[in-house]
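J.: Quick one: this structure, given as structure tokens, is what I'll be asking you about.
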Amino acid sequence: MNIEPIDCDQQSSQQAVREAMNIALTAALRKSNRAALGWALLDREYRFLAANSLIIGADEALLYAQLQQYAAKLYHLCLTTDPVTALLEPERLIEAIEASGCRQLTFSAASATVSPSSAAKRWQQWQTQWQTQAGCRIHILPATQITEKLIAGAQKAERRGLPWLTSVSSGNWHGAELPLTEFVDEFGFSAFLQTLVNQASAILYTSSQQHIVPLLPTKNYAKQEQLICEISSLSQLESVLRYCVSQKRTNAVIFCDLPFLQQLVHQQQCDEIVYHLGLVSRQTVAAPQWQIPFEQWSIVSSDAIGKCLRIVLQQSRSDNPLMDISLAN
């Protein structure tokens with residue numbers, strides 16, 4: 001497929017496209033930093049029309065409604081990633097574009113190579129055909145750290161049939177377990193967890209952390225009902241995660257105890273760890289001693305939250321799409 005580079009007649013047009021992409025990326029990051037698609041619309045004079053974002057697999061109607069609303073004025077559509085990577089149905093997007101005045105389409109490529117699906121083949125076929133029409137051009141931008149971050153969940157779902165999984169747990173200096181509810185009164189603790197959950201589409205938990213669940217939102221930023229499930233084993237977890245992918249839920253959070261976290265790490269089932277190190281002394285009998293294998297994980301952020309230290313770690317394995325990307329929000 002012959003894709004031409006961006007070649008605007010005026011420098012102001014090029015600047016307008018860059019600004020539109022930045023707006024789309026910002027909108028997507030606000031919705032979900034692991035599973036989001038953002039977009040921006042420009043008219044023939046490269047004036048800004050509108051922008052918004054969706055959580056992948058959830059509020060696709062927002063995109064089509066906006067394309068319909070500005071159909072007569074739309075000339076240039078900017079997307080933060082390839083629509084197929086974002087799990088959009090090609091036929092519906094194609095129909096919306098062809099029903100509008102859109103003649104320019106810009107999106108960022110996904111760096112990871114995925115097996116060609118029927119949806120991908122249909123999208124590629126349409127791109128080739130669409131560009132034979134007068135004035136129709138597609139501009140594909142290289143992947144960046146931000147665009148890869150936004151589709152981390154979708155790419156993992158494509159590669160492994162599993163969503164992005166962030167674990168949340170807590171313990172003290174001695175490696176003993178602490179319930180997450182120990183820190184709910186600390187400033188910023190609950191807000192961080194609520195944001196984490198709002199950007200996901202599945203809330204999983206072990207029985208030991210069940211008391212944190214009622215404090216979490218039951219709908220995400222897309223106003224989509226969360227899939228909420230108690231997990232008792234790795235085999236059950238994998239079944240639930242695969243079900244999530246079948247429902248296009250590509251970003252999950254699990255609130256678990258240290259023994260289960262240890263299993264997740266050893267079996268490479270987890271992509272990101274949010275660990276709360278309690279700065280409290282609590283005597284326990286035969287406290288479990290476990291240390292994160294730092295040869296496989298990297299600390300990407302740490303924050304003091306009252307009487308605990310929140311540490312965010314990222315897995316360093318080669319198939320992690322974010323292995324070289326900071327996860328700090």
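Scheme for the structure tokens: letters A, B, ... for chains in order shown; per-chain residue numbers from 1; ligand numbers from 1 in order shown.
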Would you mind listing what lies within 7 Å of Cys256 in chain A as a PyMOL selection string, with only C-alpha atoms counted and same-chain residues fewer than 5 positions away left out?
T.: chain A and resi 167-169+205-206+209+261
J.: To test your reading of the structure, identify every residue in range 106-293 of chain A that backbone DSSP assigns to alpha helix (DSSP H), and report it as a VMD selection string.
T.: chain A and resid 118 to 130 145 to 150 152 to 160 189 to 198 234 to 246 258 to 266
J.: Have a look at CA of Gly171 in chain A and CA of Phe183 in chain A and let me know their distance in Å, one decimal.
T.: 11.1 Å
J.: Would you mind telling me which residue in A:Arg44, A:His266, A:Arg18, A:Lys31 lies nearest to Thr106 in chain A when using only C-alpha atoms?
T.: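 Ranked by minimum distance to Thr106 in chain A, first place goes to A:Arg18.
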J.: Find the residues around Val240 in chain A up to 10 Å (only C-alpha atoms counted), leave out those fewer than 3 positions away in its own chain, and share them as a list in words.
T.: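 Everything that qualifies: Leu162, Ala202, Leu204, Leu227, Cys229, Glu230, Ile231, Leu234, Ser235, Gln236, Leu237, Tyr243, Cys244, Val245 and Ser246 of chain A.
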J.: How would you write, as a ChimeraX atom specification, the set of residues in range 170-304 of chain A that DSSP gives as strand (DSSP E)?
T.: /A:170-172,202-205,227-230,251-255,272-278,297-304
J.: Would you mind reading off the distance between CA of Ala222 in chain A and CA of Thr195 in chain A, one decimal, in Å?
T.: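 Spanning CA of Ala222 in chain A to CA of Thr195 in chain A is a straight-line distance of 12.5 Å.
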J.: Of the candidates A:His211, A:Arg103, A:Lys219, A:His139, which shows the shortest atom-to-atom distance to Thr181 in chain A, using only C-alpha atoms?
T.: A:His211
J.: Which residue, A:Asp82, A:Ile311, A:Lys223, A:Asp43, has the smallest gap to Gln127 in chain A when you use only C-alpha atoms?
T.: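 Nearest candidate to Gln127 in chain A out of A:Asp82, A:Ile311, A:Lys223, A:Asp43: A:Asp82.
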J.: Choose the residue, out of A:Ala86, A:Leu29, A:Val265, A:Leu93, that has the smallest atom-to-atom separation from Lys156 in chain A; count only C-alpha atoms.
T.: A:Ala86
J.: Could you list, as a PyMOL selection string, every residue within 8 Å of range 32-40 of chain A, counting only C-alpha atoms and ignoring same-chain residues fewer than 6 positions away?
T.: chain A and resi 20-21+23-26+48-56+63+77-81+86+149-154+164+198-200+221+250-251
J.: CA of Gly188 in chain A to CA of Cys308 in chain A: how many Å, to one decimal?
T.: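 Atom-to-atom, CA of Gly188 in chain A to CA of Cys308 in chain A, that is 11.2 Å.
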J.: Can you tell me which residues surround Leu216 in chain A at a distance of at most 9 Å, considering only C-alpha atoms, apart from same-chain residues fewer than 3 positions away, and format the answer as a list in words?
T.: Ser190, Leu193, Gln194, Val197, Asn198, Ile203, Ile212, Val213 and Lys219 of chain A
J.: Write a file of the selected residues as an mmCIF file, in the first residue's frame, keeping N, CA and C atoms.
T.:
data_model
loop_
_atom_site.group_PDB
_atom_site.id
_atom_site.type_symbol
_atom_site.label_atom_id
_atom_site.label_comp_id
_atom_site.auth_asym_id
_atom_site.auth_seq_id
_atom_site.Cartn_x
_atom_site.Cartn_y
_atom_site.Cartn_z
ATOM 1 N N SER A 190 -6.746 6.924 48.332
ATOM 2 C CA SER A 190 -7.975 6.478 47.682
ATOM 3 C C SER A 190 -8.140 7.095 46.299
ATOM 4 N N LEU A 193 -6.166 5.074 43.708
ATOM 5 C CA LEU A 193 -6.800 3.798 43.365
ATOM 6 C C LEU A 193 -8.051 4.015 42.524
ATOM 7 N N GLN A 194 -8.813 5.055 42.838
ATOM 8 C CA GLN A 194 -10.023 5.330 42.073
ATOM 9 C C GLN A 194 -9.696 5.696 40.631
ATOM 10 N N VAL A 197 -8.687 2.520 38.743
ATOM 11 C CA VAL A 197 -9.858 1.714 38.400
ATOM 12 C C VAL A 197 -10.708 2.400 37.335
ATOM 13 N N ASN A 198 -10.837 3.710 37.422
ATOM 14 C CA ASN A 198 -11.630 4.446 36.429
ATOM 15 C C ASN A 198 -11.069 4.293 35.020
ATOM 16 N N ILE A 203 -12.262 -5.136 37.646
ATOM 17 C CA ILE A 203 -11.737 -5.083 39.012
ATOM 18 C C ILE A 203 -11.716 -6.507 39.557
ATOM 19 N N ILE A 212 -11.519 -3.503 50.244
ATOM 20 C CA ILE A 212 -11.202 -2.296 49.479
ATOM 21 C C ILE A 212 -12.193 -2.108 48.331
ATOM 22 N N VAL A 213 -12.842 -3.176 47.893
ATOM 23 C CA VAL A 213 -13.699 -3.131 46.707
ATOM 24 C C VAL A 213 -14.876 -2.173 46.854
ATOM 25 N N LYS A 219 -18.188 1.995 37.902
ATOM 26 C CA LYS A 219 -18.153 2.344 36.474
ATOM 27 C C LYS A 219 -16.854 3.080 36.189
#
J.: Of the candidates A:Asp257, A:Glu148, A:Asp303, A:Glu98, which shows the shortest atom-to-atom distance to Gln68 in chain A, using only C-alpha atoms?
T.: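 Of the candidates, the smallest distance to Gln68 in chain A is held by A:Glu98.
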J.: Excluding same-chain residues fewer than 5 positions from Leu67 in chain A, what lies within 9 Å of it counting only C-alpha atoms, as a PyMOL selection string?
T.: chain A and resi 41+62+74+77+96-97+99-100
